[in-house]
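**Q** Input file: my_file-v8.txt. Contents: compact mmCIF, C-alpha atoms.
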# COMPACT_ATOMS: atom_id res chain seq x y z
CA MET A 1 73.89 90.62 112.78
CA THR A 2 72.89 91.56 116.31
CA TRP A 3 74.85 93.17 119.16
CA LEU A 4 74.02 90.12 121.28
CA LEU A 5 75.83 87.88 118.78
CA VAL A 6 78.80 90.26 118.53
CA LEU A 7 79.24 90.50 122.30
CA SER A 8 78.64 86.78 122.99
CA LEU A 9 81.29 85.96 120.40
CA ALA A 10 83.69 88.42 122.00
CA GLY A 11 83.09 86.83 125.42
CA ALA A 12 83.45 83.26 124.14
CA ALA A 13 86.59 84.01 122.13
CA TYR A 14 88.28 85.72 125.08
CA LEU A 15 87.24 82.92 127.42
CA PHE A 16 89.06 80.35 125.25
CA LYS A 17 92.19 82.48 125.04
CA VAL A 18 92.25 83.13 128.80
CA THR A 19 91.50 79.48 129.59
CA GLY A 20 94.56 78.29 127.73
CA LEU A 21 96.94 81.05 128.74
CA VAL A 22 95.96 81.95 132.29
CA ILE A 23 93.62 79.40 133.86
CA VAL A 24 94.92 76.03 132.68
CA GLY A 25 98.45 77.39 132.40
CA GLY A 26 101.31 74.90 132.15
CA ARG A 27 99.11 71.78 132.30
CA SER A 28 98.11 70.04 129.07
CA LEU A 29 94.86 68.65 127.68
CA PRO A 30 94.33 64.95 126.89
CA ALA A 31 96.21 64.19 123.66
CA VAL A 32 93.03 63.14 121.82
CA VAL A 33 91.35 66.48 122.62
CA GLU A 34 94.36 68.42 121.32
CA ARG A 35 94.36 66.28 118.17
CA CYS A 36 90.65 66.94 117.59
CA LEU A 37 90.99 70.69 118.15
CA ALA A 38 93.88 70.80 115.70
CA LEU A 39 91.61 69.33 112.99
CA VAL A 40 88.65 71.68 113.53
CA PRO A 41 89.93 74.40 111.16
CA ALA A 42 90.47 71.87 108.33
CA ALA A 43 86.88 70.55 108.58
CA LEU A 44 85.11 73.86 109.16
CA ILE A 45 87.04 76.05 106.75
CA SER A 46 86.59 73.48 103.94
CA ALA A 47 82.87 73.46 104.63
CA LEU A 48 82.83 77.27 104.49
CA ILE A 49 84.58 77.19 101.10
CA VAL A 50 81.88 74.86 99.75
CA LYS A 51 79.04 76.91 101.22
CA ASP A 52 80.37 80.27 100.03
CA THR A 53 81.23 78.97 96.55
CA VAL A 54 78.27 76.85 95.45
CA SER A 55 75.30 77.82 97.61
CA VAL A 56 72.89 80.68 98.12
CA GLY A 57 70.77 80.18 101.24
CA ASP A 58 69.71 76.52 101.19
CA GLU A 59 70.11 76.00 97.43
CA LEU A 60 73.12 74.74 95.52
CA VAL A 61 73.95 77.31 92.82
CA LEU A 62 76.75 77.38 90.25
CA ASP A 63 77.73 80.93 89.29
CA ALA A 64 80.70 83.24 88.71
CA ARG A 65 82.10 82.50 92.17
CA LEU A 66 83.20 79.00 91.11
CA PRO A 67 85.85 80.04 88.53
CA GLY A 68 87.12 82.66 91.00
CA VAL A 69 87.53 80.15 93.81
CA LEU A 70 89.13 77.57 91.46
CA ALA A 71 91.66 80.27 90.48
CA ALA A 72 92.27 80.88 94.17
CA VAL A 73 92.89 77.16 94.75
CA LEU A 74 95.42 77.14 91.92
CA ALA A 75 97.17 80.25 93.28
CA ALA A 76 97.26 78.84 96.83
CA ARG A 77 98.71 75.55 95.59
CA LEU A 78 101.47 77.54 93.88
CA ARG A 79 102.10 79.10 97.31
CA ALA A 80 101.01 82.59 96.27
CA PRO A 81 100.72 85.02 99.20
CA LEU A 82 97.34 85.47 100.94
CA ILE A 83 96.76 88.87 99.32
CA ALA A 84 97.33 87.48 95.82
CA VAL A 85 94.96 84.55 96.43
CA ILE A 86 92.13 86.83 97.58
CA VAL A 87 92.60 89.46 94.87
CA LEU A 88 92.82 86.81 92.13
CA GLY A 89 89.67 85.05 93.38
CA ALA A 90 87.71 88.31 93.40
CA ALA A 91 89.11 89.47 90.03
CA VAL A 92 88.32 86.22 88.21
CA THR A 93 84.78 86.23 89.62
CA ALA A 94 84.30 89.88 88.62
CA ALA A 95 85.62 89.13 85.12
CA ALA A 96 83.41 86.05 84.74
CA ARG A 97 80.42 88.09 85.86
CA ALA A 98 81.27 90.93 83.47
CA ALA A 99 81.53 88.31 80.70
CA GLY A 100 77.92 87.33 81.37
CA LEU A 101 78.22 84.37 83.75
CA ASP A 102 75.64 84.85 86.52
CA MET B 1 119.43 101.32 122.79
CA PRO B 2 119.77 99.88 119.26
CA THR B 3 117.28 97.18 118.27
CA PRO B 4 118.94 93.71 118.30
CA PRO B 5 119.19 92.17 114.80
CA ASP B 6 116.91 89.24 115.72
CA ASP B 7 114.17 91.69 116.68
CA ARG B 8 114.55 93.51 113.37
CA GLN B 9 113.90 90.26 111.52
CA VAL B 10 110.83 89.54 113.62
CA ILE B 11 109.59 93.12 113.17
CA ALA B 12 110.02 92.94 109.38
CA ALA B 13 108.21 89.60 109.25
CA SER B 14 105.42 90.85 111.55
CA VAL B 15 104.81 93.98 109.51
CA THR B 16 104.66 91.96 106.27
CA LEU B 17 102.28 89.52 107.93
CA GLY B 18 100.29 92.42 109.37
CA ALA B 19 99.90 94.00 105.93
CA ALA B 20 98.57 90.72 104.50
CA VAL B 21 96.19 90.40 107.43
CA GLY B 22 95.12 94.01 106.82
CA VAL B 23 94.00 93.17 103.28
CA PHE B 24 92.11 90.17 104.61
CA ALA B 25 90.52 92.47 107.18
CA ILE B 26 89.36 94.81 104.40
CA ALA B 27 87.61 91.80 102.82
CA PHE B 28 86.10 91.05 106.23
CA GLY B 29 84.87 94.63 106.67
CA VAL B 30 83.27 94.70 103.22
CA GLY B 31 81.69 91.27 103.69
CA SER B 32 80.39 92.02 107.15
CA VAL B 33 78.70 95.27 106.08
CA SER B 34 77.22 93.59 102.98
CA ALA B 35 75.87 90.86 105.29
CA GLY B 36 73.86 93.48 107.14
CA ALA B 37 76.11 94.34 110.08
CA SER B 38 76.62 98.01 110.87
CA VAL B 39 80.04 99.67 110.63
CA ALA B 40 80.13 99.85 114.46
CA GLN B 41 79.25 96.15 114.90
CA THR B 42 81.87 95.19 112.34
CA CYS B 43 84.60 97.21 114.07
CA VAL B 44 83.65 96.09 117.58
CA MET B 45 83.81 92.49 116.37
CA SER B 46 87.39 92.96 115.18
CA LEU B 47 88.40 94.85 118.34
CA LEU B 48 86.87 92.41 120.82
CA VAL B 49 86.49 89.02 119.12
CA PHE B 50 89.82 89.31 117.28
CA THR B 51 90.04 85.81 115.85
CA GLY B 52 89.67 86.07 112.10
CA ALA B 53 88.29 82.70 111.08
CA SER B 54 85.49 82.84 113.68
CA GLN B 55 84.53 86.35 112.59
CA PHE B 56 84.39 85.28 108.94
CA LEU B 57 82.32 82.23 109.85
CA ALA B 58 79.79 84.22 111.88
CA VAL B 59 79.34 86.81 109.12
CA SER B 60 79.18 84.14 106.44
CA VAL B 61 76.45 82.16 108.25
CA VAL B 62 74.41 85.27 109.08
CA SER B 63 74.66 86.58 105.49
CA SER B 64 73.26 83.28 104.15
CA GLY B 65 70.28 83.71 106.47
CA GLY B 66 71.41 81.28 109.18
CA SER B 67 70.32 81.68 112.79
CA ALA B 68 72.44 83.57 115.32
CA LEU B 69 72.76 80.33 117.28
CA SER B 70 74.33 78.39 114.41
CA ALA B 71 76.61 81.35 113.65
CA PHE B 72 77.65 81.38 117.31
CA GLY B 73 78.11 77.59 117.48
CA GLY B 74 80.35 77.43 114.42
CA ALA B 75 82.40 80.46 115.45
CA VAL B 76 82.94 79.02 118.93
CA LEU B 77 84.12 75.69 117.52
CA LEU B 78 86.71 77.55 115.46
CA ALA B 79 87.75 79.77 118.38
CA ALA B 80 88.41 76.74 120.60
CA ARG B 81 91.84 76.29 119.05
CA ASN B 82 92.93 79.55 120.68
CA ALA B 83 92.81 77.68 124.00
CA VAL B 84 95.47 75.33 122.64
CA TYR B 85 97.58 78.29 121.52
CA GLY B 86 97.17 79.73 125.01
CA LEU B 87 98.43 76.46 126.50
CA THR B 88 101.43 76.52 124.17
CA MET B 89 102.26 80.13 124.99
CA SER B 90 101.68 79.77 128.75
CA ARG B 91 105.06 77.99 128.92
CA HIS B 92 106.76 81.13 127.60
CA LEU B 93 104.67 84.01 128.95
CA SER B 94 105.06 84.14 132.70
CA GLY B 95 104.41 87.83 133.46
CA ALA B 96 102.08 89.40 136.01
CA LEU B 97 98.38 88.58 135.75
CA PRO B 98 97.34 91.88 134.05
CA THR B 99 100.07 91.35 131.44
CA ARG B 100 98.84 87.83 130.76
CA LEU B 101 95.23 89.03 130.53
CA VAL B 102 96.33 91.43 127.76
CA ALA B 103 98.46 88.71 126.15
CA ALA B 104 95.37 86.48 126.03
CA GLN B 105 93.61 88.83 123.60
CA ILE B 106 96.45 88.55 121.06
CA THR B 107 96.89 84.77 121.44
CA ILE B 108 95.97 83.83 117.85
CA ASP B 109 97.29 81.79 114.89
CA GLU B 110 99.87 84.34 113.76
CA SER B 111 101.41 85.35 117.12
CA THR B 112 101.68 81.72 118.27
CA ALA B 113 103.15 80.56 114.96
CA MET B 114 105.75 83.35 114.89
CA ALA B 115 106.67 82.86 118.56
CA THR B 116 107.07 79.09 118.40
CA ALA B 117 109.35 79.49 115.35
CA GLN B 118 111.98 81.34 117.48
CA PRO B 119 114.98 79.57 119.01
CA THR B 120 115.20 81.10 122.53
CA PRO B 121 112.56 81.78 125.23
CA GLN B 122 113.31 85.53 125.20
CA GLN B 123 112.94 85.73 121.41
CA ARG B 124 109.72 83.72 121.61
CA ARG B 125 108.28 86.18 124.09
CA ARG B 126 109.28 89.22 122.02
CA ALA B 127 108.07 87.66 118.76
CA PHE B 128 104.72 86.92 120.39
CA TRP B 129 104.18 90.53 121.49
CA ILE B 130 105.51 92.14 118.29
CA THR B 131 103.46 89.90 115.99
CA GLY B 132 100.33 90.04 118.12
CA ALA B 133 100.45 93.85 118.29
CA SER B 134 101.16 94.22 114.56
CA VAL B 135 98.31 91.90 113.56
CA TYR B 136 95.93 93.60 116.03
CA VAL B 137 96.64 97.06 114.61
CA PHE B 138 96.46 96.03 110.94
CA TRP B 139 93.39 93.82 111.46
CA ASN B 140 91.43 96.68 113.02
CA ILE B 141 92.52 99.38 110.57
CA GLY B 142 91.70 97.03 107.66
CA THR B 143 88.29 96.24 109.15
CA LEU B 144 87.42 99.94 109.45
CA ILE B 145 88.52 100.67 105.86
CA GLY B 146 86.56 97.66 104.56
CA ALA B 147 83.44 98.50 106.55
CA LEU B 148 83.44 102.10 105.30
CA ALA B 149 84.18 101.03 101.70
CA GLY B 150 81.64 98.21 101.87
CA SER B 151 78.84 100.68 102.44
CA ALA B 152 79.91 102.49 99.26
CA VAL B 153 80.57 99.76 96.64
CA ASP B 154 78.52 96.98 95.04
CA PRO B 155 80.37 93.88 96.32
CA GLU B 156 79.24 91.64 93.45
CA MET B 157 80.59 93.97 90.77
CA PHE B 158 84.11 93.59 92.17
CA GLY B 159 83.71 89.85 92.78
CA LEU B 160 84.01 90.47 96.52
CA ASP B 161 81.56 87.65 97.24
CA ALA B 162 84.40 85.37 96.08
CA ALA B 163 86.91 87.10 98.38
CA PHE B 164 85.64 85.15 101.42
CA PRO B 165 85.96 81.66 99.95
CA ALA B 166 89.25 82.62 98.24
CA GLY B 167 90.62 83.74 101.61
CA PHE B 168 89.38 80.51 103.19
CA VAL B 169 91.25 78.56 100.50
CA ALA B 170 94.50 80.23 101.52
CA MET B 171 93.69 79.67 105.20
CA VAL B 172 92.97 75.96 104.83
CA MET B 173 96.12 75.10 102.83
CA PRO B 174 98.48 74.67 105.81
CA HIS B 175 95.94 72.26 107.35
CA LEU B 176 96.07 69.97 104.30
CA GLU B 177 99.69 68.96 104.77
CA THR B 178 98.84 65.89 106.86
CA ALA B 179 96.67 62.90 105.90
CA ARG B 180 94.51 63.64 108.96
CA GLY B 181 93.99 67.22 107.90
CA ARG B 182 93.06 66.17 104.36
CA ALA B 183 90.61 63.54 105.64
CA ALA B 184 88.97 66.07 107.99
CA ALA B 185 88.80 68.69 105.23
CA ALA B 186 87.38 66.34 102.57
CA THR B 187 84.75 64.98 104.96
CA GLY B 188 83.81 68.45 106.18
CA ALA B 189 83.41 69.76 102.64
CA LEU B 190 81.36 66.74 101.55
CA LEU B 191 79.08 66.87 104.61
CA CYS B 192 78.42 70.55 103.93
CA LEU B 193 77.69 69.98 100.24
CA VAL B 194 75.23 67.16 100.97
CA THR B 195 73.44 68.88 103.84
CA VAL B 196 73.07 72.42 102.41
CA PRO B 197 69.82 71.61 100.54
CA ILE B 198 68.25 69.61 103.39
CA LEU B 199 69.22 71.29 106.68
CA PRO B 200 68.36 74.76 108.01
CA ILE B 201 70.88 77.41 106.93
CA GLY B 202 73.99 77.47 109.12
CA LEU B 203 73.68 73.90 110.40
CA PRO B 204 75.71 72.34 107.55
CA ILE B 205 78.79 74.12 108.92
CA LEU B 206 78.21 72.59 112.36
CA VAL B 207 77.56 69.15 110.84
CA ALA B 208 80.85 69.50 108.95
CA SER B 209 82.73 69.51 112.24
CA ALA B 210 82.12 65.74 112.26
CA GLY B 211 84.90 65.71 109.67
CA VAL B 212 87.24 65.96 112.66
CA LEU B 213 86.21 62.44 113.72
CA PHE B 214 87.15 61.03 110.31
CA GLY B 215 90.48 62.83 110.42
CA VAL B 216 91.44 61.85 113.95
CA ARG B 217 91.02 58.10 113.25
CA ARG B 218 93.74 58.29 110.62
CA PRO B 219 97.14 56.98 111.77
Go through the file and emit its structure as structure tokens.

**A**
Amino acid sequence: MTWLLVLSLAGAAYLFKVTGLVIVGGRSLPAVVERCLALVPAALISALIVKDTVSVGDELVLDARLPGVLAAVLAARLRAPLIAVIVLGAAVTAAARAAGLD
Amino acid sequence: MPTPPDDRQVIAASVTLGAAVGVFAIAFGVGSVSAGASVAQTCVMSLLVFTGASQFLAVSVVSSGGSALSAFGGAVLLAARNAVYGLTMSRHLSGALPTRLVAAQITIDESTAMATAQPTPQQRRRAFWITGASVYVFWNIGTLIGALAGSAVDPEMFGLDAAFPAGFVAMVMPHLETARGRAAAATGALLCLVTVPILPIGLPILVASAGVLFGVRRP
């Protein structure tokens, strides 16, 4: 992590917020652009789940994270609160690791 | 002047939401420090960037060894939705320019969602400020606690490496309620899985954004 990355991110994030709220104001974007932007979190967050669950660097690896994340999926489907989902995911992974799973 | 009952409801909901966000922020602080960021960088990120998913993405890509450029690219793609929230809120927040410049910083998922759930323009405005302020305070306190704790504990022993993806699972759920969202999510996940072994680290997340194109073609 570098300061350049931290500060560029801060600038970019604020620019988006200001663009919508102050610069563009009451006007609206083309419908197709709004539809695409609305789908970005679904695509990117799912990809992050895959990457953080079954990969290390550029290798696919199955380890104790998988049972933890599966438990989190189950908890989230049962509409458990955010805190419970995170704590359960971490606890199951810690338990699986303590039980000898890599 | 007594607090109107509607405000009390919003305040209670914002504080509950803030507390949940605070726990998530602790996970962020721990993860960020374990990924090699300093405590100061971690805290400045939460103070200035202040859009959770982008922060998590940047730290996650950097910790896997991805380049700063791919971390930046992915985080920016995720932050773009804040522009849409800004557009939504611009219809309700019509204060002086300095006020709106401050409002911009707290224009995020939670404040927009809470505001747009209110029935009257005045309640929307108040809900926006109360929720935004609550989340900002909790997010930054949580980040500091996590960053300080992260330097002291072994993240793997507590399964904290699973805290990121578990948090992402909870974050993605509301996006899976529509067929479009599910198509975008499934394609994004699959593209990432297939490209992790063959592309430079960090790029699979950017490639996954093509999932949007599969989602948007759905009726």

**Q** In Å, how far is it from CA of Leu4 (chain A) to CA of Ala25 (chain B)?

**A**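 So the answer is 21.8 Å.
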
**Q** Can you check which residues of chain B have any atom within 6 Å of chain A? Use only C-alpha atoms and format it as a PyMOL selection string.

**A** chain B and resi 20+37+45+48-49+64+79-84+86-87+90-91+104+157-160+162-163+165-167+170+172+175+181+184-185+188-189+192+196-197+201+205+209+211-212

**Q** Do you have the CA of Ala127 (chain B)-CA of Ala103 (chain B) distance handy?

**A**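 Rounded to one decimal, the two atoms are 12.2 Å apart.
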
**Q** Using Å and a single decimal, report how far CA of Tyr85 (chain B) sits from CA of Arg218 (chain B).

**A**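 CA of Arg218 (chain B) sits 23.1 Å away from CA of Tyr85 (chain B).
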
**Q** Ranking B:Asp7, B:Glu156, B:Asp161, B:Asp109 by minimum distance to Gly31 (chain B) and counting only C-alpha atoms, which one comes first?

**A**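 Closest to Gly31 (chain B), using only C-alpha atoms: B:Asp161.
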
**Q** Box for region 102-113 of chain B: with edges along x, y and z, all listed atoms inside and 5 Å added on each side, what are the centre and edge lengths in Å to one decimal, as AutoDock Vina command-line options?

**A**
--center_x 98.4 --center_y 86.0 --center_z 120.8 --size_x 19.5 --size_y 20.9 --size_z 24.0
